[in-house]
Structure formats: structure tokens, C-alpha cells
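> Sharing a structure here in C-alpha cells format.
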Amino acid sequence: MSLHILGTGSYLPPTVVTNDDLAKLVDTNDEWISTRTGIRSRHVSTDEPASILAAKAAQAALENSGVRADELDLIL
């Protein structure tokens, strides 16, 4: 059995939460978060379950691969 990576894909939900947005909810600030983690913003899903996010990423991988879905045995 051989394994080949034919394409990769990703999906980010459209809602972006910045460190300044988080600072409005909890006692923190952009400098504290960014100096410790390097993170300045993150994408969050407000209405899409993880299964939908995964399906959209898999669809992008499939499109990137140049093959049809019925030609594949598995998508990870």
C-alpha cells in the first residue's frame, strides 16, 4: 500500500477576534497576549460546527489535488 498527499486545504471562519476585542471581555491587553504568545488575532466560528469547518477544508484540499472525490480512498 502506498500513500500520496495529493492536495492540502484549509478553511478559516470569517469572524476575527483581536486581542483588543478580548480585552473588553477579560482583564488583559494586546501587549500581554502578543508578547507571550505572538497571537494578535484569531478566527472563531460563531455558527458553524467543527464538522462544517472540516468539510470546507476537505473540499479545498480536493480542489487543490486536481482529482475527483470518487477517485480517493480517504481524506484526512
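Simple scheme: letters A, B, ... for chains in C-alpha cells order, numbers from 1 for residues in each chain, numbers from 1 for ligands in the order shown.
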I want to know what sits within 9 Å of Ile75 in chain A, based on only C-alpha atoms, with residues of the same chain fewer than 6 positions away left out; could you give that as a tab-separated table (two decimals) with N, CA and C atoms, in the first residue's frame?


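The new file selection-v8.tsv reads:
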chain	number	residue	atom	x	y	z
A	58	ALA	N	-11.70	20.10	3.66
A	58	ALA	CA	-11.56	18.92	2.81
A	58	ALA	C	-11.92	19.26	1.37
A	61	ALA	N	-9.00	21.00	-0.12
A	61	ALA	CA	-7.94	20.03	-0.41
A	61	ALA	C	-8.26	19.25	-1.68
A	62	LEU	N	-9.49	18.88	-1.83
A	62	LEU	CA	-9.91	18.15	-3.01
A	62	LEU	C	-9.72	19.00	-4.27

> Where in chain A does DSSP assign strand (DSSP E or B), given as a list in words?

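Here is the list: Thr15, Val16, Val17, Thr18, Ser41, Arg42, His43 and Val44 of chain A.
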
> Just all heavy atoms for this one: save the residues we selected as a tab-separated table (two decimals), in the first residue's frame.


chain	number	residue	atom	x	y	z
A	15	THR	N	-15.28	35.27	11.08
A	15	THR	CA	-15.25	36.14	12.27
A	15	THR	C	-13.85	36.16	12.88
A	15	THR	O	-13.27	35.13	13.20
A	15	THR	CB	-16.26	35.66	13.33
A	15	THR	OG1	-17.56	35.62	12.74
A	15	THR	CG2	-16.27	36.58	14.53
A	16	VAL	N	-13.30	37.36	13.02
A	16	VAL	CA	-11.97	37.56	13.59
A	16	VAL	C	-12.11	38.25	14.95
A	16	VAL	O	-12.83	39.24	15.08
A	16	VAL	CB	-11.09	38.41	12.66
A	16	VAL	CG1	-9.73	38.69	13.29
A	16	VAL	CG2	-10.92	37.73	11.32
A	17	VAL	N	-11.42	37.70	15.95
A	17	VAL	CA	-11.40	38.30	17.29
A	17	VAL	C	-9.97	38.75	17.56
A	17	VAL	O	-9.04	37.93	17.49
A	17	VAL	CB	-11.86	37.30	18.37
A	17	VAL	CG1	-11.73	37.91	19.76
A	17	VAL	CG2	-13.29	36.87	18.11
A	18	THR	N	-9.79	40.02	17.81
A	18	THR	CA	-8.46	40.56	18.10
A	18	THR	C	-8.20	40.53	19.61
A	18	THR	O	-9.12	40.33	20.42
A	18	THR	CB	-8.33	42.01	17.61
A	18	THR	OG1	-9.21	42.83	18.39
A	18	THR	CG2	-8.65	42.14	16.13
A	41	SER	N	-4.57	38.08	16.63
A	41	SER	CA	-5.98	37.86	16.32
A	41	SER	C	-6.18	36.38	16.03
A	41	SER	O	-5.22	35.64	15.81
A	41	SER	CB	-6.42	38.69	15.11
A	41	SER	OG	-5.74	38.27	13.95
A	42	ARG	N	-7.45	35.95	16.06
A	42	ARG	CA	-7.78	34.57	15.77
A	42	ARG	C	-9.15	34.54	15.11
A	42	ARG	O	-9.97	35.43	15.31
A	42	ARG	CB	-7.75	33.68	17.02
A	42	ARG	CG	-8.84	33.85	18.03
A	42	ARG	CD	-8.68	34.90	19.10
A	42	ARG	NE	-7.49	34.86	19.89
A	42	ARG	CZ	-6.77	35.94	20.16
A	42	ARG	NH1	-7.15	37.13	19.73
A	42	ARG	NH2	-5.70	35.88	20.88
A	43	HIS	N	-9.34	33.51	14.28
A	43	HIS	CA	-10.64	33.30	13.63
A	43	HIS	C	-11.47	32.40	14.54
A	43	HIS	O	-10.96	31.40	15.05
A	43	HIS	CB	-10.46	32.63	12.27
A	43	HIS	CG	-9.84	33.53	11.26
A	43	HIS	ND1	-10.58	34.20	10.32
A	43	HIS	CD2	-8.55	33.90	11.06
A	43	HIS	CE1	-9.77	34.93	9.57
A	43	HIS	NE2	-8.53	34.76	9.99
A	44	VAL	N	-12.72	32.75	14.73
A	44	VAL	CA	-13.60	31.94	15.57
A	44	VAL	C	-14.88	31.64	14.82
A	44	VAL	O	-15.36	32.44	14.00
A	44	VAL	CB	-13.93	32.63	16.92
A	44	VAL	CG1	-12.68	32.84	17.75
A	44	VAL	CG2	-14.63	33.95	16.70

> Taking only chain A into account, list the residues labelled helix (DSSP H, G or I) by DSSP (computed from the backbone), as a ChimeraX atom specification.

/A:19-23,30-37,50-65,69-71

> Using only C-alpha atoms for the distances, tell me which of A:Asp27, A:Lys56, A:Arg40, A:Leu22 is nearest to Thr8 in chain A.

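Comparing A:Asp27, A:Lys56, A:Arg40, A:Leu22 against Thr8 in chain A, the winner is A:Lys56.
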
> What does the distance from CA of Val67 in chain A to CA of Gly9 in chain A come to in Å, to one decimal?

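Computed distance, CA of Val67 in chain A to CA of Gly9 in chain A, equals 13.5 Å.
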
> Select, from A:Ser2, A:Asn19, A:Gln59, A:Ser10, the residue with the minimum atom-to-atom distance to Thr37 in chain A, counting only C-alpha atoms.

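Comparing A:Ser2, A:Asn19, A:Gln59, A:Ser10 against Thr37 in chain A, the winner is A:Asn19.
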
> Rank nothing, just name the residue among A:Ile39, A:Ile52, A:Leu3, A:Ala57 nearest to Asp20 in chain A, using only C-alpha atoms.

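Among A:Ile39, A:Ile52, A:Leu3, A:Ala57, it is A:Ile39 that comes nearest to Asp20 in chain A.
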
> Provide the CA of Asn64 in chain A to CA of Asp47 in chain A distance in Å, to one decimal place.

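Those two atoms sit 25.9 Å apart.
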
> In Å to one decimal, how far is CA of Ala23 in chain A from CA of Arg36 in chain A?

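Separating CA of Arg36 in chain A from CA of Ala23 in chain A is a distance of 14.9 Å.
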